[in-house]
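protein00.cif follows; it contains mmCIF, C-alpha atoms and all ligand atoms; chains and numbers go by the auth columns.
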data_data
#
loop_
_atom_site.group_PDB
_atom_site.id
_atom_site.type_symbol
_atom_site.label_atom_id
_atom_site.label_comp_id
_atom_site.label_asym_id
_atom_site.label_seq_id
_atom_site.Cartn_x
_atom_site.Cartn_y
_atom_site.Cartn_z
_atom_site.B_iso_or_equiv
_atom_site.auth_seq_id
_atom_site.auth_asym_id
ATOM 1 C CA MET A 1 77.822 45.780 47.851 0.00 1 Z
ATOM 2 C CA LYS A 2 79.890 43.221 49.772 0.00 2 Z
ATOM 3 C CA HIS A 3 77.051 42.833 52.204 0.00 3 Z
ATOM 4 C CA LEU A 4 74.629 42.356 49.408 0.00 4 Z
ATOM 5 C CA ILE A 5 76.671 39.455 47.918 0.00 5 Z
ATOM 6 C CA LEU A 6 76.995 37.812 51.309 0.00 6 Z
ATOM 7 C CA PHE A 7 73.285 38.126 51.839 0.00 7 Z
ATOM 8 C CA ALA A 8 72.591 36.662 48.434 0.00 8 Z
ATOM 9 C CA LEU A 9 74.911 33.691 49.085 0.00 9 Z
ATOM 10 C CA LEU A 10 73.275 33.136 52.452 0.00 10 Z
ATOM 11 C CA ALA A 11 69.815 33.190 50.919 0.00 11 Z
ATOM 12 C CA LEU A 12 70.920 30.800 48.204 0.00 12 Z
ATOM 13 C CA GLY A 13 72.436 28.446 50.776 0.00 13 Z
ATOM 14 C CA LEU A 14 69.218 28.467 52.807 0.00 14 Z
ATOM 15 C CA ALA A 15 67.211 27.806 49.712 0.00 15 Z
ATOM 16 C CA PHE A 16 69.331 24.764 48.716 0.00 16 Z
ATOM 17 C CA GLY A 17 69.382 23.574 52.288 0.00 17 Z
ATOM 18 C CA GLY A 18 65.566 23.636 52.229 0.00 18 Z
ATOM 19 C CA CYS A 19 65.493 21.508 49.093 0.00 19 Z
ATOM 20 C CA GLN A 20 67.826 18.946 50.545 0.00 20 Z
ATOM 21 C CA LYS A 21 65.595 18.426 53.587 0.00 21 Z
ATOM 22 C CA GLU A 22 64.388 14.762 53.626 0.00 22 Z
ATOM 23 C CA GLU A 23 60.847 14.042 52.283 0.00 23 Z
ATOM 24 C CA LYS A 24 58.331 13.467 55.031 0.00 24 Z
ATOM 25 C CA ASP A 25 57.795 9.751 55.707 0.00 25 Z
ATOM 26 C CA TYR A 26 54.020 9.431 56.038 0.00 26 Z
ATOM 27 C CA CYS A 27 54.410 5.759 56.949 0.00 27 Z
ATOM 28 C CA GLU A 28 56.688 6.465 59.905 0.00 28 Z
ATOM 29 C CA ASN A 29 53.984 5.987 62.515 0.00 29 Z
ATOM 30 C CA VAL A 30 51.667 3.725 60.568 0.00 30 Z
ATOM 31 C CA THR A 31 51.353 0.024 61.448 0.00 31 Z
ATOM 32 C CA CYS A 32 49.623 -2.285 58.986 0.00 32 Z
ATOM 33 C CA TYR A 33 48.525 -5.685 60.292 0.00 33 Z
ATOM 34 C CA ASN A 34 47.976 -9.043 58.596 0.00 34 Z
ATOM 35 C CA GLY A 35 50.538 -8.451 55.897 0.00 35 Z
ATOM 36 C CA GLY A 36 49.296 -5.010 54.932 0.00 36 Z
ATOM 37 C CA VAL A 37 51.861 -2.648 53.363 0.00 37 Z
ATOM 38 C CA CYS A 38 51.981 1.092 54.052 0.00 38 Z
ATOM 39 C CA ASP A 39 51.990 3.291 50.982 0.00 39 Z
ATOM 40 C CA ASP A 40 51.982 7.075 51.413 0.00 40 Z
ATOM 41 C CA GLY A 41 50.569 6.726 54.887 0.00 41 Z
ATOM 42 C CA LEU A 42 47.757 4.384 53.905 0.00 42 Z
ATOM 43 C CA CYS A 43 47.704 0.635 54.457 0.00 43 Z
ATOM 44 C CA ASP A 44 47.369 -1.448 51.331 0.00 44 Z
ATOM 45 C CA CYS A 45 45.554 -4.526 52.671 0.00 45 Z
ATOM 46 C CA PRO A 46 45.882 -8.058 51.273 0.00 46 Z
ATOM 47 C CA PRO A 47 42.709 -9.884 50.188 0.00 47 Z
ATOM 48 C CA GLY A 48 40.601 -11.036 53.099 0.00 48 Z
ATOM 49 C CA THR A 49 41.589 -8.108 55.334 0.00 49 Z
ATOM 50 C CA SER A 50 40.219 -4.620 55.634 0.00 50 Z
ATOM 51 C CA GLY A 51 40.157 -1.567 57.893 0.00 51 Z
ATOM 52 C CA PHE A 52 42.543 1.397 57.841 0.00 52 Z
ATOM 53 C CA ASP A 53 45.280 -0.765 59.381 0.00 53 Z
ATOM 54 C CA CYS A 54 44.210 -4.097 57.812 0.00 54 Z
ATOM 55 C CA SER A 55 43.315 -5.399 61.254 0.00 55 Z
ATOM 56 C CA VAL A 56 39.824 -6.576 60.225 0.00 56 Z
ATOM 57 C CA LYS A 57 39.975 -10.156 58.959 0.00 57 Z
ATOM 58 C CA ASP A 58 37.208 -11.637 56.812 0.00 58 Z
ATOM 59 C CA LEU A 59 36.922 -15.067 58.404 0.00 59 Z
ATOM 60 C CA CYS A 60 35.004 -16.304 55.369 0.00 60 Z
ATOM 61 C CA TYR A 61 37.708 -15.321 52.903 0.00 61 Z
ATOM 62 C CA ASN A 62 38.643 -18.428 50.919 0.00 62 Z
ATOM 63 C CA VAL A 63 36.068 -20.537 52.769 0.00 63 Z
ATOM 64 C CA VAL A 64 34.065 -22.546 50.241 0.00 64 Z
ATOM 65 C CA CYS A 65 30.684 -23.888 51.352 0.00 65 Z
ATOM 66 C CA LEU A 66 29.249 -26.497 49.008 0.00 66 Z
ATOM 67 C CA ASN A 67 25.606 -27.300 48.246 0.00 67 Z
ATOM 68 C CA ASN A 68 24.421 -23.727 48.884 0.00 68 Z
ATOM 69 C CA GLY A 69 25.918 -23.593 52.361 0.00 69 Z
ATOM 70 C CA ILE A 70 26.529 -20.071 53.704 0.00 70 Z
ATOM 71 C CA CYS A 71 29.711 -19.018 55.485 0.00 71 Z
ATOM 72 C CA ILE A 72 29.110 -17.273 58.810 0.00 72 Z
ATOM 73 C CA ASN A 73 32.175 -16.127 60.811 0.00 73 Z
ATOM 74 C CA GLY A 74 34.375 -18.637 59.057 0.00 74 Z
ATOM 75 C CA THR A 75 32.026 -21.608 59.527 0.00 75 Z
ATOM 76 C CA CYS A 76 29.739 -23.089 56.884 0.00 76 Z
ATOM 77 C CA ASP A 77 26.057 -23.083 57.758 0.00 77 Z
ATOM 78 C CA CYS A 78 24.739 -26.060 55.807 0.00 78 Z
ATOM 79 C CA PRO A 79 21.275 -26.411 54.286 0.00 79 Z
ATOM 80 C CA THR A 80 18.987 -29.249 55.332 0.00 80 Z
ATOM 81 C CA GLY A 81 20.399 -32.585 54.290 0.00 81 Z
ATOM 82 C CA TYR A 82 24.070 -31.623 54.231 0.00 82 Z
ATOM 83 C CA THR A 83 26.792 -31.692 56.849 0.00 83 Z
ATOM 84 C CA GLY A 84 30.579 -31.517 57.145 0.00 84 Z
ATOM 85 C CA ALA A 85 32.960 -28.569 57.372 0.00 85 Z
ATOM 86 C CA ASN A 86 32.216 -27.553 53.781 0.00 86 Z
ATOM 87 C CA CYS A 87 28.658 -28.979 53.633 0.00 87 Z
ATOM 88 C CA GLY A 88 30.026 -31.565 51.241 0.00 88 Z
ATOM 89 C CA THR A 89 28.511 -34.585 52.972 0.00 89 Z
ATOM 90 C CA ALA A 90 24.940 -35.562 52.141 0.00 90 Z
ATOM 91 C CA LYS A 91 22.938 -37.015 55.013 0.00 91 Z
ATOM 92 C CA THR A 92 20.809 -40.113 54.581 0.00 92 Z
ATOM 93 C CA PRO A 93 17.128 -39.177 54.775 0.00 93 Z
ATOM 94 C CA ILE A 94 14.995 -41.234 57.136 0.00 94 Z
ATOM 95 C CA SER A 95 11.949 -40.798 54.931 0.00 95 Z
ATOM 96 C CA MET A 96 10.421 -38.980 51.991 0.00 96 Z
ATOM 97 C CA SER A 97 7.035 -37.301 52.190 0.00 97 Z
ATOM 98 C CA VAL A 98 4.894 -36.926 49.095 0.00 98 Z
ATOM 99 C CA LEU A 99 3.165 -33.583 49.630 0.00 99 Z
ATOM 100 C CA SER A 100 1.011 -33.715 46.519 0.00 100 Z
ATOM 101 C CA MET A 101 1.117 -35.245 43.074 0.00 101 Z
ATOM 102 C CA THR A 102 -0.176 -34.859 39.550 0.00 102 Z
ATOM 103 C CA VAL A 103 -1.009 -37.727 37.236 0.00 103 Z
ATOM 104 C CA THR A 104 -0.063 -36.545 33.745 0.00 104 Z
ATOM 105 C CA LYS A 105 -0.583 -39.714 31.708 0.00 105 Z
ATOM 106 C CA TYR A 106 -2.905 -42.690 32.213 0.00 106 Z
ATOM 107 C CA PRO A 107 -5.075 -45.031 30.122 0.00 107 Z
ATOM 108 C CA VAL A 108 -8.402 -43.320 29.447 0.00 108 Z
ATOM 109 C CA VAL A 109 -9.892 -46.625 28.312 0.00 109 Z
ATOM 110 C CA GLN A 110 -9.124 -50.206 29.196 0.00 110 Z
ATOM 111 C CA THR A 111 -6.839 -52.405 27.134 0.00 111 Z
ATOM 112 C CA GLY A 112 -9.077 -53.387 24.246 0.00 112 Z
ATOM 113 C CA GLY A 113 -10.857 -50.044 24.144 0.00 113 Z
ATOM 114 C CA ALA A 114 -13.739 -50.494 26.586 0.00 114 Z
ATOM 115 C CA SER A 115 -14.463 -47.549 28.872 0.00 115 Z
ATOM 116 C CA TRP A 116 -13.766 -48.015 32.571 0.00 116 Z
ATOM 117 C CA ASP A 117 -17.398 -47.524 33.438 0.00 117 Z
ATOM 118 C CA LEU A 118 -20.335 -48.682 31.381 0.00 118 Z
ATOM 119 C CA ASN A 119 -21.143 -45.359 29.781 0.00 119 Z
ATOM 120 C CA ASP A 120 -18.442 -42.947 30.891 0.00 120 Z
ATOM 121 C CA GLY A 121 -14.863 -42.536 31.988 0.00 121 Z
ATOM 122 C CA ALA A 122 -13.045 -43.760 35.075 0.00 122 Z
ATOM 123 C CA ASP A 123 -13.533 -42.096 38.448 0.00 123 Z
ATOM 124 C CA VAL A 124 -9.927 -41.863 39.544 0.00 124 Z
ATOM 125 C CA PHE A 125 -8.239 -41.945 42.935 0.00 125 Z
ATOM 126 C CA VAL A 126 -4.626 -42.856 43.720 0.00 126 Z
ATOM 127 C CA THR A 127 -2.979 -45.105 46.277 0.00 127 Z
ATOM 128 C CA PHE A 128 0.486 -45.650 47.704 0.00 128 Z
ATOM 129 C CA SER A 129 1.452 -49.020 49.057 0.00 129 Z
ATOM 130 C CA THR A 130 4.555 -50.798 50.275 0.00 130 Z
ATOM 131 C CA GLY A 131 6.029 -53.337 47.906 0.00 131 Z
ATOM 132 C CA THR A 132 5.339 -53.921 44.252 0.00 132 Z
ATOM 133 C CA THR A 133 1.586 -54.502 44.367 0.00 133 Z
ATOM 134 C CA ALA A 134 -0.972 -51.698 44.470 0.00 134 Z
ATOM 135 C CA THR A 135 -3.527 -51.977 47.265 0.00 135 Z
ATOM 136 C CA THR A 136 -6.154 -49.608 48.613 0.00 136 Z
ATOM 137 C CA THR A 137 -5.403 -50.412 52.240 0.00 137 Z
ATOM 138 C CA GLU A 138 -2.358 -48.258 53.071 0.00 138 Z
ATOM 139 C CA PHE A 139 -2.813 -44.800 51.581 0.00 139 Z
ATOM 140 C CA LYS A 140 -5.688 -43.569 49.490 0.00 140 Z
ATOM 141 C CA SER A 141 -6.095 -40.045 48.137 0.00 141 Z
ATOM 142 C CA GLY A 142 -8.961 -38.172 49.747 0.00 142 Z
ATOM 143 C CA PHE A 143 -10.342 -37.074 46.398 0.00 143 Z
ATOM 144 C CA THR A 144 -11.775 -38.849 43.348 0.00 144 Z
ATOM 145 C CA TYR A 145 -12.030 -37.373 39.849 0.00 145 Z
ATOM 146 C CA THR A 146 -15.268 -38.247 38.055 0.00 146 Z
ATOM 147 C CA ASP A 147 -15.353 -39.373 34.409 0.00 147 Z
ATOM 148 C CA VAL A 148 -11.797 -38.489 33.441 0.00 148 Z
ATOM 149 C CA THR A 149 -11.026 -37.856 29.797 0.00 149 Z
ATOM 150 C CA GLY A 150 -7.233 -37.642 29.870 0.00 150 Z
ATOM 151 C CA GLN A 151 -6.734 -34.297 31.574 0.00 151 Z
ATOM 152 C CA ASP A 152 -3.969 -33.852 34.180 0.00 152 Z
ATOM 153 C CA LEU A 153 -5.151 -34.998 37.601 0.00 153 Z
ATOM 154 C CA PRO A 154 -3.654 -33.081 40.554 0.00 154 Z
ATOM 155 C CA PHE A 155 -4.073 -34.725 43.958 0.00 155 Z
ATOM 156 C CA SER A 156 -3.433 -33.061 47.303 0.00 156 Z
ATOM 157 C CA THR A 157 -6.374 -33.989 49.547 0.00 157 Z
ATOM 158 C CA GLY A 158 -5.293 -36.538 52.117 0.00 158 Z
ATOM 159 C CA PHE A 159 -1.592 -35.933 51.521 0.00 159 Z
ATOM 160 C CA PRO A 160 1.182 -36.020 52.659 0.00 160 Z
ATOM 161 C CA VAL A 161 2.025 -39.673 52.578 0.00 161 Z
ATOM 162 C CA THR A 162 5.378 -40.479 54.154 0.00 162 Z
ATOM 163 C CA LEU A 163 7.508 -43.279 52.732 0.00 163 Z
ATOM 164 C CA ASN A 164 10.277 -44.620 54.944 0.00 164 Z
ATOM 165 C CA ASN A 165 13.707 -44.748 53.449 0.00 165 Z
ATOM 166 C CA ASN A 166 14.309 -48.372 54.304 0.00 166 Z
ATOM 167 C CA GLY A 167 15.164 -49.516 50.808 0.00 167 Z
ATOM 168 C CA ASN A 168 11.570 -50.536 50.161 0.00 168 Z
ATOM 169 C CA ASN A 169 9.820 -50.285 46.878 0.00 169 Z
ATOM 170 C CA TYR A 170 6.552 -48.411 46.858 0.00 170 Z
ATOM 171 C CA THR A 171 3.765 -48.645 44.355 0.00 171 Z
ATOM 172 C CA VAL A 172 1.667 -45.776 43.074 0.00 172 Z
ATOM 173 C CA GLY A 173 -1.686 -47.084 41.947 0.00 173 Z
ATOM 174 C CA LEU A 174 -4.461 -45.524 39.875 0.00 174 Z
ATOM 175 C CA TRP A 175 -7.945 -46.842 40.497 0.00 175 Z
ATOM 176 C CA ASP A 176 -11.428 -46.415 39.104 0.00 176 Z
ATOM 177 C CA TYR A 177 -13.886 -45.970 41.934 0.00 177 Z
ATOM 178 C CA ASP A 178 -17.058 -47.957 41.517 0.00 178 Z
ATOM 179 C CA ALA A 179 -20.129 -47.381 43.642 0.00 179 Z
ATOM 180 C CA THR A 180 -21.763 -50.752 43.141 0.00 180 Z
ATOM 181 C CA SER A 181 -18.856 -53.145 42.676 0.00 181 Z
ATOM 182 C CA SER A 182 -15.225 -53.262 43.774 0.00 182 Z
ATOM 183 C CA ASP A 183 -12.888 -50.582 42.468 0.00 183 Z
ATOM 184 C CA ASP A 184 -11.004 -51.387 39.286 0.00 184 Z
ATOM 185 C CA TYR A 185 -7.237 -51.276 39.352 0.00 185 Z
ATOM 186 C CA MET A 186 -6.247 -49.235 36.298 0.00 186 Z
ATOM 187 C CA VAL A 187 -2.475 -48.896 36.253 0.00 187 Z
ATOM 188 C CA GLY A 188 0.520 -48.482 38.575 0.00 188 Z
ATOM 189 C CA LEU A 189 4.240 -48.107 38.863 0.00 189 Z
ATOM 190 C CA ASN A 190 6.706 -48.988 41.563 0.00 190 Z
ATOM 191 C CA PHE A 191 9.753 -47.065 42.638 0.00 191 Z
ATOM 192 C CA ASN A 192 12.357 -46.866 45.386 0.00 192 Z
ATOM 193 C CA PRO A 193 12.644 -43.354 46.894 0.00 193 Z
ATOM 194 C CA ASN A 194 16.243 -44.115 47.845 0.00 194 Z
ATOM 195 C CA THR A 195 17.336 -44.108 44.217 0.00 195 Z
ATOM 196 C CA TYR A 196 16.098 -40.536 43.770 0.00 196 Z
ATOM 197 C CA ARG A 197 17.718 -38.920 46.796 0.00 197 Z
ATOM 198 C CA SER A 198 20.838 -37.481 45.145 0.00 198 Z
ATOM 199 C CA GLY A 199 20.589 -33.704 45.471 0.00 199 Z
ATOM 200 C CA PHE A 200 17.303 -34.110 47.377 0.00 200 Z
ATOM 201 C CA PRO A 201 15.058 -33.001 44.506 0.00 201 Z
ATOM 202 C CA SER A 202 11.687 -31.489 45.412 0.00 202 Z
ATOM 203 C CA THR A 203 10.014 -33.044 42.369 0.00 203 Z
ATOM 204 C CA LEU A 204 10.132 -36.624 41.121 0.00 204 Z
ATOM 205 C CA ASN A 205 8.953 -37.528 37.631 0.00 205 Z
ATOM 206 C CA LEU A 206 8.025 -41.202 37.527 0.00 206 Z
ATOM 207 C CA VAL A 207 7.373 -42.641 34.115 0.00 207 Z
ATOM 208 C CA VAL A 208 6.351 -46.041 32.777 0.00 208 Z
ATOM 209 C CA SER A 209 4.787 -46.707 29.413 0.00 209 Z
ATOM 210 C CA ASP A 210 1.160 -46.076 30.376 0.00 210 Z
ATOM 211 C CA LEU A 211 1.483 -43.965 33.525 0.00 211 Z
ATOM 212 C CA GLU A 212 3.322 -40.754 34.330 0.00 212 Z
ATOM 213 C CA VAL A 213 3.168 -38.985 37.669 0.00 213 Z
ATOM 214 C CA VAL A 214 4.903 -35.950 39.134 0.00 214 Z
ATOM 215 C CA LEU A 215 5.446 -36.100 42.889 0.00 215 Z
ATOM 216 C CA ASP A 216 6.101 -33.000 45.015 0.00 216 Z
ATOM 217 C CA VAL A 217 8.275 -34.341 47.777 0.00 217 Z
ATOM 218 C CA GLN A 218 10.102 -33.377 50.939 0.00 218 Z
ATOM 219 C CA TRP A 219 13.069 -35.285 52.333 0.00 219 Z
ATOM 220 C CA ASN A 220 13.114 -35.837 56.079 0.00 220 Z
ATOM 221 C CA PHE A 221 16.306 -36.169 58.106 0.00 221 Z
HETATM 222 CA CA CA B . -17.439 -42.878 35.733 0.00 1 F
HETATM 223 CA CA CA B . -16.255 -45.984 38.247 0.00 2 F
#
Could you spell out this file's structure in structure tokens?
Amino acid sequence: MKHLILFALLALGLAFGGCQKEEKDYCENVTCYNGGVCDDGLCDCPPGTSGFDCSVKDLCYNVVCLNNGICINGTCDCPTGYTGANCGTAKTPISMSVLSMTVTKYPVVQTGGASWDLNDGADVFVTFSTGTTATTTEFKSGFTYTDVTGQDLPFSTGFPVTLNNNGNNYTVGLWDYDATSSDDYMVGLNFNPNTYRSGFPSTLNLVVSDLEVVLDVQWNF
């Protein structure tokens, strides 16, 4: 009986001793880098780091690239026309090319109501010229519409025409081709490409009271 009690006490002591053993520290041999914190043996990584020990840094974390720039290895890769660490600086284009255009509004008849030709509508081509006067000597579309009645007139033959960004005004002219006499100037508008460059739009809508054109453009740097 005495032995039995002793044995019981011993067993009890062992049992309690087992409970009092310290909990295993799973973080004992774990190193977390870049400010990571070990929790139950696993590294809890701060934003911008990853990997089991937080040693992988995302170099693009918190890097903001403006104007659709893309961060690559911590550096902004800027789209055409933009520069600077964050692509926030717009370059100055050296020229603007008109790739094609559509005339969406024009006078179908002359002021006073007479048709452009004796018995039918104008035969339309377009020009671009430097300055504020339309001429046929600098750029002339390579296509002429016959007997227009007001429909949209898309032009692409003979384009592009490149306009230097030197602060010049340019004039878009609409002309009626005539086989037997000189071509009739119908209508025109002048514009300065420089005033449209913000954001480098790919389309310019130019509007005056009796002429509207849509230019498909490309900015050159
Ligand atoms: Ca005609
Ligand atoms: Ca004509």
Residues at most 10 Å from Tyr106 in chain Z, counting all atoms listed in the file, excluding those fewer than 4 positions away in the same chain, as an mmCIF file with C-alpha atoms, in the coordinates of the input?
data_model
loop_
_atom_site.group_PDB
_atom_site.id
_atom_site.type_symbol
_atom_site.label_atom_id
_atom_site.label_comp_id
_atom_site.auth_asym_id
_atom_site.auth_seq_id
_atom_site.Cartn_x
_atom_site.Cartn_y
_atom_site.Cartn_z
ATOM 1 C CA VAL Z 148 -11.797 -38.489 33.441
ATOM 2 C CA THR Z 149 -11.026 -37.856 29.797
ATOM 3 C CA GLY Z 150 -7.233 -37.642 29.870
ATOM 4 C CA GLN Z 151 -6.734 -34.297 31.574
ATOM 5 C CA ASP Z 152 -3.969 -33.852 34.180
ATOM 6 C CA LEU Z 153 -5.151 -34.998 37.601
ATOM 7 C CA LEU Z 174 -4.461 -45.524 39.875
ATOM 8 C CA MET Z 186 -6.247 -49.235 36.298
ATOM 9 C CA VAL Z 187 -2.475 -48.896 36.253
ATOM 10 C CA GLY Z 188 0.520 -48.482 38.575
ATOM 11 C CA VAL Z 208 6.351 -46.041 32.777
ATOM 12 C CA SER Z 209 4.787 -46.707 29.413
ATOM 13 C CA ASP Z 210 1.160 -46.076 30.376
ATOM 14 C CA LEU Z 211 1.483 -43.965 33.525
ATOM 15 C CA GLU Z 212 3.322 -40.754 34.330
ATOM 16 C CA VAL Z 213 3.168 -38.985 37.669
#
Closest to Trp175 in chain Z among Z:Val161, Z:Val124, Z:Leu215, Z:Met96, using only C-alpha atoms? Z:Val124
How would you write, as a ChimeraX atom specification, the set of residues no farther than 6 Å from ligand CA 2 (chain F) when counting only C-alpha atoms and all ligand atoms? /Z:117,122-123,176-178
So which residues touch Asn165 in chain Z within 9 Å, counting only C-alpha atoms, skipping near sequence neighbours fewer than 6 positions away, as a CSV table (one decimal) with C-alpha atoms, in the coordinates of the input?
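So the final result, stored in out.csv, reads:
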chain,number,residue,atom,x,y,z
Z,92,THR,CA,20.8,-40.1,54.6
Z,93,PRO,CA,17.1,-39.2,54.8
Z,94,ILE,CA,15.0,-41.2,57.1
Z,95,SER,CA,11.9,-40.8,54.9
Z,96,MET,CA,10.4,-39.0,52.0
Z,192,ASN,CA,12.4,-46.9,45.4
Z,193,PRO,CA,12.6,-43.4,46.9
Z,194,ASN,CA,16.2,-44.1,47.8
Near-range 133-137 of chain Z list (9 Å; all atoms listed in the file; drop same-chain fewer than 3 positions) as a list in words: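 The neighbour list is Val126, Thr127, Phe128, Ser129, Thr130, Lys140, Tyr170, Thr171, Val172, Gly173, Leu174, Trp175, Tyr185, Val187, Gly188, Leu189 and Asn190 of chain Z.
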Please produce a file of those selected residues containing C-alpha atoms, as a PDB file, keeping the file's coordinate frame.
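Writing the result to result16.pdb gives the following:
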ATOM      1  CA  VAL Z 126      -4.626 -42.856  43.720  1.00  0.00           C
ATOM      2  CA  THR Z 127      -2.979 -45.105  46.277  1.00  0.00           C
ATOM      3  CA  PHE Z 128       0.486 -45.650  47.704  1.00  0.00           C
ATOM      4  CA  SER Z 129       1.452 -49.020  49.057  1.00  0.00           C
ATOM      5  CA  THR Z 130       4.555 -50.798  50.275  1.00  0.00           C
ATOM      6  CA  LYS Z 140      -5.688 -43.569  49.490  1.00  0.00           C
ATOM      7  CA  TYR Z 170       6.552 -48.411  46.858  1.00  0.00           C
ATOM      8  CA  THR Z 171       3.765 -48.645  44.355  1.00  0.00           C
ATOM      9  CA  VAL Z 172       1.667 -45.776  43.074  1.00  0.00           C
ATOM     10  CA  GLY Z 173      -1.686 -47.084  41.947  1.00  0.00           C
ATOM     11  CA  LEU Z 174      -4.461 -45.524  39.875  1.00  0.00           C
ATOM     12  CA  TRP Z 175      -7.945 -46.842  40.497  1.00  0.00           C
ATOM     13  CA  TYR Z 185      -7.237 -51.276  39.352  1.00  0.00           C
ATOM     14  CA  VAL Z 187      -2.475 -48.896  36.253  1.00  0.00           C
ATOM     15  CA  GLY Z 188       0.520 -48.482  38.575  1.00  0.00           C
ATOM     16  CA  LEU Z 189       4.240 -48.107  38.863  1.00  0.00           C
ATOM     17  CA  ASN Z 190       6.706 -48.988  41.563  1.00  0.00           C
TER      18      ASN Z 190
END
Calculate how many Å separate CA of Tyr82 in chain Z from CA of Ser202 in chain Z, rounding to one decimal.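 Computed distance, CA of Tyr82 in chain Z to CA of Ser202 in chain Z, equals 15.2 Å.
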What does the distance from CA of Asn29 in chain Z to CA of Leu59 in chain Z come to in Å, to one decimal?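 For CA of Asn29 in chain Z relative to CA of Leu59 in chain Z, the distance reads 27.4 Å.
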Given the PyMOL selection byres (((chain Z and resi 69-71) around 10) and not hetatm), the residues it picks as a list in words: Leu59, Cys60, Tyr61, Val63, Val64, Cys65, Leu66, Asn67, Asn68, Ile72, Asn73, Gly74, Thr75, Cys76, Asp77, Cys78, Pro79, Thr80, Tyr82, Thr83, Ala85, Asn86, Cys87 and Gly88 of chain Z
Please write the residues from the selection above to a file, keeping C-alpha atoms, as a short mmCIF file (atom, residue, chain, number, x, y, z; two decimals), in the frame of the given file.
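Wrote part_13.cif, looks like this:
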data_model
loop_
_atom_site.label_atom_id
_atom_site.label_comp_id
_atom_site.auth_asym_id
_atom_site.auth_seq_id
_atom_site.Cartn_x
_atom_site.Cartn_y
_atom_site.Cartn_z
CA LEU Z 59 36.92 -15.07 58.40
CA CYS Z 60 35.00 -16.30 55.37
CA TYR Z 61 37.71 -15.32 52.90
CA VAL Z 63 36.07 -20.54 52.77
CA VAL Z 64 34.06 -22.55 50.24
CA CYS Z 65 30.68 -23.89 51.35
CA LEU Z 66 29.25 -26.50 49.01
CA ASN Z 67 25.61 -27.30 48.25
CA ASN Z 68 24.42 -23.73 48.88
CA ILE Z 72 29.11 -17.27 58.81
CA ASN Z 73 32.17 -16.13 60.81
CA GLY Z 74 34.38 -18.64 59.06
CA THR Z 75 32.03 -21.61 59.53
CA CYS Z 76 29.74 -23.09 56.88
CA ASP Z 77 26.06 -23.08 57.76
CA CYS Z 78 24.74 -26.06 55.81
CA PRO Z 79 21.28 -26.41 54.29
CA THR Z 80 18.99 -29.25 55.33
CA TYR Z 82 24.07 -31.62 54.23
CA THR Z 83 26.79 -31.69 56.85
CA ALA Z 85 32.96 -28.57 57.37
CA ASN Z 86 32.22 -27.55 53.78
CA CYS Z 87 28.66 -28.98 53.63
CA GLY Z 88 30.03 -31.56 51.24
#
Choose the residue, out of Z:Leu163, Z:Cys54, Z:Cys38, Z:Val217, that has the smallest atom-to-atom separation from Thr203 in chain Z; count only C-alpha atoms.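 For Thr203 in chain Z, the nearest of the given residues is Z:Val217.
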Between CA of Trp219 in chain Z and CA of Arg197 in chain Z, what is the spacing in Å?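 Taking CA of Arg197 in chain Z as the start and CA of Trp219 in chain Z as the end point, the length is 8.1 Å.
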Just checking: using all atoms listed in the file, which residue out of Z:Thr49, Z:Asn119, Z:Thr89, Z:Ser181 ends up closest to ligand CA 1 (chain F)?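 Looking only at the distances to ligand CA 1 (chain F), the closest residue turns out to be Z:Asn119.
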So that I can check the surroundings of Gly36 in chain Z, please list as a PyMOL selection string every protein, DNA and RNA residue that reaches within 9 Å of it, counting only C-alpha atoms and ignoring chain neighbours fewer than 4 positions away. chain Z and resi 31-32+43-46+49+53-55
Compare Z:Phe139, Z:Phe200, Z:Phe191, Z:Trp116 by their minimum atom-to-atom distance to ligand CA 1 (chain F), counting all atoms listed in the file, and give me the closest one.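 Going through Z:Phe139, Z:Phe200, Z:Phe191, Z:Trp116 one by one, the smallest distance to ligand CA 1 (chain F) is for Z:Trp116.
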Of Z:Asp120, Z:Asp216, Z:Asp40, Z:Asp183, the one nearest to ligand CA 1 (chain F) when counting all atoms listed in the file is Z:Asp120
From the options Z:Ser198, Z:Asn34, Z:Ser115, Z:Ser97, which residue's atoms come nearest to ligand CA 1 (chain F), counting only C-alpha atoms and all ligand atoms?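 That would be Z:Ser115, the residue with the smallest distance to ligand CA 1 (chain F).
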To test the calculation: enclose all listed atoms of range 90-103 of chain Z in a box whose edges run along x, y and z, add 6 Å on each side, then state centre and edge lengths in Å to one decimal, as JSON.
{"center_x": 12.0, "center_y": -37.4, "center_z": 47.2, "size_x": 37.9, "size_y": 19.7, "size_z": 31.9}
I'd like the residues picked by the PyMOL selection byres (((chain Z and resi 142) around 9) and not hetatm) written out as a tab-separated table (two decimals) with C-alpha atoms, in the frame of the given file, using the chain letters and numbers from the file.
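Okay, this is what ended up in selection.tsv:
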chain	number	residue	atom	x	y	z
Z	125	PHE	CA	-8.24	-41.94	42.94
Z	126	VAL	CA	-4.63	-42.86	43.72
Z	140	LYS	CA	-5.69	-43.57	49.49
Z	141	SER	CA	-6.10	-40.04	48.14
Z	143	PHE	CA	-10.34	-37.07	46.40
Z	144	THR	CA	-11.78	-38.85	43.35
Z	155	PHE	CA	-4.07	-34.72	43.96
Z	156	SER	CA	-3.43	-33.06	47.30
Z	157	THR	CA	-6.37	-33.99	49.55
Z	158	GLY	CA	-5.29	-36.54	52.12
Z	159	PHE	CA	-1.59	-35.93	51.52
